[in-house]
$ cat structure36.txt   # compact mmCIF, C-alpha atoms and all ligand atoms
# COMPACT_ATOMS: atom_id res chain seq x y z
CA MET A 1 0.00 0.00 0.00
CA SER A 2 1.70 3.15 -1.12
CA ALA A 3 1.67 6.19 1.10
CA ASP A 4 0.18 9.26 -0.54
CA LEU A 5 2.29 12.29 -0.99
CA PRO A 6 1.25 15.20 1.21
CA SER A 7 -1.36 17.21 -0.73
CA GLY A 8 1.05 20.12 -1.27
CA LEU A 9 3.43 17.73 -3.04
CA ARG A 10 0.81 15.91 -5.13
CA PRO A 11 0.87 17.28 -8.68
CA THR A 12 -2.22 17.41 -10.93
CA LEU A 13 -2.98 18.58 -14.45
CA PRO A 14 -2.12 22.29 -14.73
CA ALA A 15 -5.08 24.67 -15.16
CA TRP A 16 -3.87 25.51 -18.68
CA GLY A 17 -3.83 21.86 -19.76
CA GLN A 18 -5.81 20.83 -22.84
CA VAL A 19 -6.45 17.11 -22.83
CA SER A 20 -9.23 14.81 -23.95
CA PRO A 21 -10.79 12.45 -21.37
CA GLU A 22 -8.81 9.54 -22.91
CA ARG A 23 -5.58 11.51 -22.66
CA LEU A 24 -6.31 12.32 -19.04
CA GLN A 25 -6.70 8.61 -18.34
CA HIS A 26 -3.34 7.94 -20.02
CA ILE A 27 -1.66 10.60 -17.86
CA GLN A 28 -3.28 9.12 -14.75
CA ARG A 29 -1.98 5.64 -15.64
CA VAL A 30 1.52 7.04 -16.18
CA ALA A 31 1.28 8.81 -12.81
CA SER A 32 0.17 5.59 -11.07
CA LEU A 33 3.08 3.68 -12.55
CA VAL A 34 5.59 6.37 -11.61
CA ASP A 35 4.11 6.54 -8.13
CA ALA A 36 4.51 2.78 -7.70
CA TRP A 37 8.12 2.89 -8.95
CA SER A 38 9.00 5.76 -6.64
CA GLU A 39 7.54 3.80 -3.76
CA SER A 40 9.49 0.63 -4.65
CA LEU A 41 12.69 2.59 -5.10
CA GLY A 42 12.16 4.47 -1.85
CA VAL A 43 12.87 7.88 -3.34
CA PRO A 44 12.26 10.89 -1.11
CA ASP A 45 8.98 12.80 -1.45
CA SER A 46 10.75 15.75 -3.07
CA GLU A 47 12.11 13.54 -5.86
CA ARG A 48 8.79 11.74 -6.26
CA ASN A 49 7.16 15.14 -6.63
CA ARG A 50 9.59 16.04 -9.45
CA TRP A 51 8.78 12.79 -11.27
CA LEU A 52 5.05 13.37 -10.94
CA ARG A 53 5.28 17.02 -11.99
CA ALA A 54 6.88 15.87 -15.24
CA VAL A 55 4.19 13.22 -15.73
CA TRP A 56 1.36 15.72 -15.33
CA LEU A 57 3.04 18.24 -17.61
CA HIS A 58 4.26 15.98 -20.41
CA ASP A 59 0.99 15.64 -22.34
CA ALA A 60 -0.75 18.70 -20.86
CA LEU A 61 -0.99 20.30 -24.32
CA ARG A 62 -1.31 17.06 -26.31
CA ASP A 63 -4.77 18.03 -27.54
CA ALA A 64 -4.11 21.72 -28.17
CA THR A 65 -4.45 22.87 -31.79
CA PRO A 66 -1.36 23.28 -34.01
CA GLU A 67 -2.00 27.03 -33.98
CA GLU A 68 -2.02 27.13 -30.18
CA LEU A 69 1.18 25.08 -30.02
CA GLU A 70 2.87 27.37 -32.53
CA ALA A 71 1.82 30.40 -30.47
CA ILE A 72 3.30 28.93 -27.27
CA ALA A 73 6.53 27.57 -28.78
CA PRO A 74 7.06 29.29 -32.14
CA GLY A 75 9.29 27.71 -34.76
CA THR A 76 9.86 24.43 -32.93
CA PRO A 77 11.72 22.33 -35.51
CA VAL A 78 9.84 19.06 -35.03
CA PRO A 79 6.86 17.42 -36.73
CA PRO A 80 3.44 18.67 -35.51
CA GLU A 81 2.73 15.57 -33.40
CA LEU A 82 5.95 16.16 -31.43
CA ARG A 83 5.31 19.81 -30.64
CA HIS A 84 3.28 19.31 -27.48
CA GLY A 85 6.35 18.48 -25.36
CA PRO A 86 8.32 21.64 -26.16
CA ALA A 87 5.13 23.71 -25.92
CA SER A 88 4.20 22.30 -22.53
CA ALA A 89 7.73 22.85 -21.21
CA ALA A 90 7.66 26.46 -22.44
CA ARG A 91 4.29 27.07 -20.83
CA ALA A 92 5.33 25.39 -17.58
CA LYS A 93 8.47 27.52 -17.46
CA ALA A 94 6.41 30.66 -18.05
CA GLU A 95 4.16 29.57 -15.18
CA GLY A 96 7.12 29.25 -12.82
CA GLU A 97 8.44 25.70 -13.22
CA ALA A 98 12.18 26.22 -12.73
CA ASP A 99 13.51 22.67 -12.38
CA ARG A 100 15.76 21.96 -15.36
CA GLY A 101 15.34 18.19 -15.01
CA VAL A 102 11.54 18.45 -15.04
CA LEU A 103 11.53 20.86 -18.00
CA ASP A 104 13.94 18.69 -20.03
CA ALA A 105 11.89 15.59 -19.23
CA VAL A 106 8.77 17.27 -20.61
CA ARG A 107 10.43 19.00 -23.58
CA TYR A 108 12.16 15.86 -24.88
CA HIS A 109 9.77 13.13 -23.77
CA SER A 110 9.00 12.10 -27.37
CA LEU A 111 12.65 12.14 -28.47
CA GLY A 112 15.00 11.22 -25.62
CA LEU A 113 17.89 13.32 -24.35
CA ALA A 114 21.42 12.23 -23.48
CA GLU A 115 21.65 14.74 -20.62
CA TRP A 116 18.49 13.63 -18.86
CA ASP A 117 18.54 13.13 -15.12
CA MET A 118 16.30 10.51 -13.54
CA VAL A 119 13.10 12.51 -14.18
CA GLY A 120 13.42 12.27 -17.95
CA ARG A 121 14.40 8.61 -17.80
CA VAL A 122 11.46 7.69 -15.56
CA LEU A 123 8.95 9.59 -17.70
CA TYR A 124 10.29 8.11 -20.95
CA CYS A 125 9.87 4.59 -19.59
CA ALA A 126 6.51 5.07 -17.86
CA ASP A 127 4.96 6.84 -20.85
CA TYR A 128 5.73 3.77 -22.93
CA LEU A 129 5.10 1.06 -20.33
CA GLU A 130 1.79 2.26 -18.86
CA PRO A 131 -0.77 -0.54 -19.17
CA GLY A 132 -3.28 1.24 -21.43
CA ARG A 133 -1.30 0.82 -24.64
CA GLN A 134 -2.46 -2.06 -26.82
CA HIS A 135 0.69 -3.57 -28.29
CA ASP A 136 2.87 -6.16 -26.54
CA ARG A 137 0.97 -5.93 -23.28
CA GLU A 138 2.83 -8.78 -21.60
CA GLY A 139 6.30 -7.70 -22.63
CA ARG A 140 5.67 -4.15 -21.52
CA ALA A 141 4.12 -5.26 -18.22
CA ALA A 142 7.21 -7.38 -17.52
CA LEU A 143 9.45 -4.37 -18.13
CA ALA A 144 7.25 -2.21 -15.91
CA ARG A 145 7.60 -4.73 -13.07
CA ARG A 146 11.35 -4.92 -13.59
CA PHE A 147 11.95 -1.18 -13.54
CA PRO A 148 12.53 -0.77 -9.78
CA GLU A 149 15.15 -3.56 -9.81
CA ASP A 150 17.07 -2.35 -12.83
CA PRO A 151 16.00 1.05 -14.22
CA ALA A 152 18.98 1.28 -16.59
CA ALA A 153 18.26 -2.07 -18.26
CA VAL A 154 14.58 -1.21 -18.68
CA LEU A 155 15.44 2.20 -20.10
CA LEU A 156 17.77 0.56 -22.62
CA ALA A 157 15.07 -1.93 -23.63
CA VAL A 158 12.44 0.80 -24.06
CA ALA A 159 14.81 3.04 -26.02
CA ARG A 160 15.81 0.13 -28.28
CA THR A 161 12.19 -0.74 -29.05
CA ARG A 162 11.30 2.86 -29.78
CA LEU A 163 14.38 3.37 -31.95
CA VAL A 164 13.71 0.21 -33.95
CA TYR A 165 10.17 1.42 -34.54
CA LEU A 166 11.49 4.78 -35.67
CA VAL A 167 13.99 3.18 -38.06
CA ARG A 168 11.29 0.93 -39.52
CA SER A 169 8.98 3.91 -39.97
CA GLY A 170 11.47 5.41 -42.40
CA TRP A 171 11.61 8.72 -40.55
CA THR A 172 14.89 10.48 -40.11
CA ILE A 173 16.27 10.01 -36.59
CA PRO A 174 16.17 13.34 -34.73
CA GLU A 175 19.55 14.42 -33.42
CA PRO A 176 18.58 14.27 -29.71
CA THR A 177 17.30 10.72 -30.24
CA TRP A 178 20.48 9.22 -31.70
CA ARG A 179 22.59 11.09 -29.17
CA PHE A 180 20.38 9.67 -26.42
CA TRP A 181 20.77 6.15 -27.81
CA ASN A 182 24.55 6.49 -28.11
CA SER A 183 24.73 7.73 -24.53
CA LEU A 184 22.90 4.59 -23.35
CA VAL A 185 25.04 2.08 -25.18
CA ALA A 186 28.14 4.06 -24.26
CA VAL A 187 30.68 1.84 -25.95
CA PRO A 188 32.46 4.02 -28.48
CA HIS A 189 32.71 2.65 -31.98
CA SER A 190 36.40 2.12 -32.58
CA PRO A 191 37.67 2.17 -36.13
CA ARG A 192 39.70 -0.87 -37.14
FE FE B 201 2.25 10.45 -22.73
$ encode --input "structure36.txt" --output "structure tokens" --more "lines below"
Ligand SMILES: [Fe+2]
Amino acid sequence: MSADLPSGLRPTLPAWGQVSPERLQHIQRVASLVDAWSESLGVPDSERNRWLRAVWLHDALRDATPEELEAIAPGTPVPPELRHGPASAARAKAEGEADRGVLDAVRYHSLGLAEWDMVGRVLYCADYLEPGRQHDREGRAALARRFPEDPAAVLLAVARTRLVYLVRSGWTIPEPTWRFWNSLVAVPHSPR
């Protein structure tokens, strides 16, 4: 039975959030998973609060219009469906969120970022492993259970799956994404 965070430390959707009911349920499932992991890992309330702030912010503008996203974060050089992260981070910063780890977690949650602290890594994994997604339910559930024992191995597995999907899709690999992947594998390619 997980202890609740004190109400002052329990994040929720920001007042400026624009999410459909289905999106809200996704965010709630991500928050539940992150809450369970923080409990298993025994992280302090202040760190748990950072993780949950990022969760509640990451898709807060997922259902805003392209025009609204452009107004909040003009000229963001990513495809339209990836603009909600940078826009939400910009809005959160304007509203007073000053934690670099939280802002980077939100801004890059669709791409990955080599410089992420634990907030970005936790969000990236939980966003993908939450139980509401349809594909590979068992495999993802196993990774979700394993996370508290070995966060780095689970992160590597999630990043690999997402990268393989991206390669198969034929999209170009965004620079932060390949840098993130290289930072995880960490063995430099040595010319022979
Ligand atoms: Fe999400």
$ closest_residue --input "structure36.txt" --among "A:Glu138, A:Asp4, A:Glu175, A:Asp127" --to "Leu111 of chain A" --atoms "all atoms listed in the file"
A:Glu175
$ closest_residue --input "structure36.txt" --among "A:Ala142, A:Val30, A:Ala60, A:Val78" --to "Trp171 of chain A" --atoms "all atoms listed in the file"
A:Val78
$ residues_around --input "structure36.txt" --residues "Pro66 of chain A" --least-positions-apart "4" --cutoff "10 Å" --atoms "all atoms listed in the file" --output "ChimeraX atom specification"
/A:62,70-72,80-81,83-84
$ closest_residue --input "structure36.txt" --among "A:Asp136, A:Glu22, A:Glu47, A:Asp59" --to "Val119 of chain A" --atoms "only C-alpha atoms"
A:Glu47
$ closest_atom_pairs --input "structure36.txt" --of "chain A" --to "ligand FE 201 (chain B)" --cutoff "10 Å" --atoms "all atoms listed in the file" --output "JSON lines"
{"residue": "A:Arg23", "atom": "CA", "partner": "B:FE201", "partner_atom": "FE", "distance": 7.9}
{"residue": "A:Leu24", "atom": "CA", "partner": "B:FE201", "partner_atom": "FE", "distance": 9.5}
{"residue": "A:His26", "atom": "CA", "partner": "B:FE201", "partner_atom": "FE", "distance": 6.7}
{"residue": "A:Ile27", "atom": "CA", "partner": "B:FE201", "partner_atom": "FE", "distance": 6.2}
{"residue": "A:Gln28", "atom": "CA", "partner": "B:FE201", "partner_atom": "FE", "distance": 9.8}
{"residue": "A:Arg29", "atom": "CA", "partner": "B:FE201", "partner_atom": "FE", "distance": 9.6}
{"residue": "A:Val30", "atom": "CA", "partner": "B:FE201", "partner_atom": "FE", "distance": 7.4}
{"residue": "A:Val55", "atom": "CA", "partner": "B:FE201", "partner_atom": "FE", "distance": 7.8}
{"residue": "A:Trp56", "atom": "CA", "partner": "B:FE201", "partner_atom": "FE", "distance": 9.1}
{"residue": "A:Leu57", "atom": "CA", "partner": "B:FE201", "partner_atom": "FE", "distance": 9.4}
{"residue": "A:His58", "atom": "CA", "partner": "B:FE201", "partner_atom": "FE", "distance": 6.3}
{"residue": "A:Asp59", "atom": "CA", "partner": "B:FE201", "partner_atom": "FE", "distance": 5.4}
{"residue": "A:Ala60", "atom": "CA", "partner": "B:FE201", "partner_atom": "FE", "distance": 9.0}
{"residue": "A:Arg62", "atom": "CA", "partner": "B:FE201", "partner_atom": "FE", "distance": 8.3}
{"residue": "A:Gly85", "atom": "CA", "partner": "B:FE201", "partner_atom": "FE", "distance": 9.4}
{"residue": "A:Val106", "atom": "CA", "partner": "B:FE201", "partner_atom": "FE", "distance": 9.7}
{"residue": "A:His109", "atom": "CA", "partner": "B:FE201", "partner_atom": "FE", "distance": 8.1}
{"residue": "A:Ser110", "atom": "CA", "partner": "B:FE201", "partner_atom": "FE", "distance": 8.4}
{"residue": "A:Leu123", "atom": "CA", "partner": "B:FE201", "partner_atom": "FE", "distance": 8.4}
{"residue": "A:Tyr124", "atom": "CA", "partner": "B:FE201", "partner_atom": "FE", "distance": 8.6}
{"residue": "A:Ala126", "atom": "CA", "partner": "B:FE201", "partner_atom": "FE", "distance": 8.4}
{"residue": "A:Asp127", "atom": "CA", "partner": "B:FE201", "partner_atom": "FE", "distance": 4.9}
{"residue": "A:Tyr128", "atom": "CA", "partner": "B:FE201", "partner_atom": "FE", "distance": 7.5}
{"residue": "A:Glu130", "atom": "CA", "partner": "B:FE201", "partner_atom": "FE", "distance": 9.1}
$ atom_distance --input "structure36.txt" --atom1 "atom CA of Pro44 of chain A" --atom2 "atom CA of Ala31 of chain A"
16.2 Å
$ closest_residue --input "structure36.txt" --among "A:Ala141, A:Pro176, A:Val122, A:Val34" --to "Leu155 of chain A" --atoms "all atoms listed in the file"
A:Val122
$ closest_residue --input "structure36.txt" --among "A:Leu13, A:Pro21, A:Met118, A:Arg91" --to "Trp51 of chain A" --atoms "only C-alpha atoms"
A:Met118
$ residues_around --input "structure36.txt" --residues "Cys125 of chain A" --least-positions-apart "6" --cutoff "10 Å" --atoms "all atoms listed in the file" --output "compact mmCIF listing (two decimals) with C-alpha atoms, keeping the file's coordinate frame"
# COMPACT_ATOMS: atom_id res chain seq x y z
CA VAL A 30 1.52 7.04 -16.18
CA LEU A 33 3.08 3.68 -12.55
CA VAL A 34 5.59 6.37 -11.61
CA HIS A 109 9.77 13.13 -23.77
CA ARG A 140 5.67 -4.15 -21.52
CA LEU A 143 9.45 -4.37 -18.13
CA ALA A 144 7.25 -2.21 -15.91
CA PHE A 147 11.95 -1.18 -13.54
CA PRO A 151 16.00 1.05 -14.22
CA VAL A 154 14.58 -1.21 -18.68
CA LEU A 155 15.44 2.20 -20.10
CA LEU A 156 17.77 0.56 -22.62
CA ALA A 157 15.07 -1.93 -23.63
CA VAL A 158 12.44 0.80 -24.06
CA ALA A 159 14.81 3.04 -26.02
$ atom_distance --input "structure36.txt" --atom1 "atom CA of Gly112 of chain A" --atom2 "atom CA of Phe180 of chain A"
5.7 Å
$ closest_residue --input "structure36.txt" --among "A:Asp45, A:Asp117, A:Glu68, A:Asp35" --to "Trp16 of chain A" --atoms "only C-alpha atoms"
A:Glu68
$ atom_distance --input "structure36.txt" --atom1 "atom CA of Pro86 of chain A" --atom2 "atom CA of Val102 of chain A"
12.0 Å
$ residues_around --input "structure36.txt" --residues "Ala98 of chain A" --least-positions-apart "5" --cutoff "12 Å" --atoms "all atoms listed in the file" --output "short mmCIF file (atom, residue, chain, number, x, y, z; two decimals) with C-alpha atoms, keeping the file's coordinate frame"
data_model
loop_
_atom_site.label_atom_id
_atom_site.label_comp_id
_atom_site.auth_asym_id
_atom_site.auth_seq_id
_atom_site.Cartn_x
_atom_site.Cartn_y
_atom_site.Cartn_z
CA ARG A 50 9.59 16.04 -9.45
CA ARG A 53 5.28 17.02 -11.99
CA ALA A 54 6.88 15.87 -15.24
CA ALA A 89 7.73 22.85 -21.21
CA ALA A 90 7.66 26.46 -22.44
CA ARG A 91 4.29 27.07 -20.83
CA ALA A 92 5.33 25.39 -17.58
CA LYS A 93 8.47 27.52 -17.46
CA LEU A 103 11.53 20.86 -18.00
CA ASP A 104 13.94 18.69 -20.03
#
$ build_atoms --input "structure36.txt" --residues "segment 20-31 of chain A" --atoms "N, CA and C atoms" --output "PDB file, keeping the file's coordinate frame"
ATOM      1  N   SER A  20      -7.969  15.541 -23.822  1.00  0.00           N
ATOM      2  CA  SER A  20      -9.230  14.810 -23.950  1.00  0.00           C
ATOM      3  C   SER A  20      -9.384  13.899 -22.727  1.00  0.00           C
ATOM      4  N   PRO A  21     -10.600  13.384 -22.492  1.00  0.00           N
ATOM      5  CA  PRO A  21     -10.790  12.450 -21.370  1.00  0.00           C
ATOM      6  C   PRO A  21      -9.877  11.221 -21.490  1.00  0.00           C
ATOM      7  N   GLU A  22      -9.681  10.724 -22.725  1.00  0.00           N
ATOM      8  CA  GLU A  22      -8.810   9.540 -22.910  1.00  0.00           C
ATOM      9  C   GLU A  22      -7.363   9.888 -22.569  1.00  0.00           C
ATOM     10  N   ARG A  23      -6.947  11.070 -22.957  1.00  0.00           N
ATOM     11  CA  ARG A  23      -5.580  11.510 -22.660  1.00  0.00           C
ATOM     12  C   ARG A  23      -5.382  11.640 -21.147  1.00  0.00           C
ATOM     13  N   LEU A  24      -6.399  12.180 -20.496  1.00  0.00           N
ATOM     14  CA  LEU A  24      -6.310  12.320 -19.040  1.00  0.00           C
ATOM     15  C   LEU A  24      -6.123  10.951 -18.390  1.00  0.00           C
ATOM     16  N   GLN A  25      -6.847   9.959 -18.913  1.00  0.00           N
ATOM     17  CA  GLN A  25      -6.700   8.610 -18.340  1.00  0.00           C
ATOM     18  C   GLN A  25      -5.280   8.079 -18.567  1.00  0.00           C
ATOM     19  N   HIS A  26      -4.733   8.352 -19.747  1.00  0.00           N
ATOM     20  CA  HIS A  26      -3.340   7.940 -20.020  1.00  0.00           C
ATOM     21  C   HIS A  26      -2.399   8.601 -19.004  1.00  0.00           C
ATOM     22  N   ILE A  27      -2.552   9.887 -18.801  1.00  0.00           N
ATOM     23  CA  ILE A  27      -1.660  10.600 -17.860  1.00  0.00           C
ATOM     24  C   ILE A  27      -1.825  10.003 -16.456  1.00  0.00           C
ATOM     25  N   GLN A  28      -3.048   9.699 -16.081  1.00  0.00           N
ATOM     26  CA  GLN A  28      -3.280   9.120 -14.750  1.00  0.00           C
ATOM     27  C   GLN A  28      -2.613   7.748 -14.620  1.00  0.00           C
ATOM     28  N   ARG A  29      -2.647   6.956 -15.692  1.00  0.00           N
ATOM     29  CA  ARG A  29      -1.980   5.640 -15.640  1.00  0.00           C
ATOM     30  C   ARG A  29      -0.469   5.808 -15.544  1.00  0.00           C
ATOM     31  N   VAL A  30       0.075   6.787 -16.277  1.00  0.00           N
ATOM     32  CA  VAL A  30       1.520   7.040 -16.180  1.00  0.00           C
ATOM     33  C   VAL A  30       1.866   7.466 -14.753  1.00  0.00           C
ATOM     34  N   ALA A  31       1.033   8.333 -14.183  1.00  0.00           N
ATOM     35  CA  ALA A  31       1.280   8.810 -12.810  1.00  0.00           C
ATOM     36  C   ALA A  31       1.224   7.653 -11.813  1.00  0.00           C
TER      37      ALA A  31
END
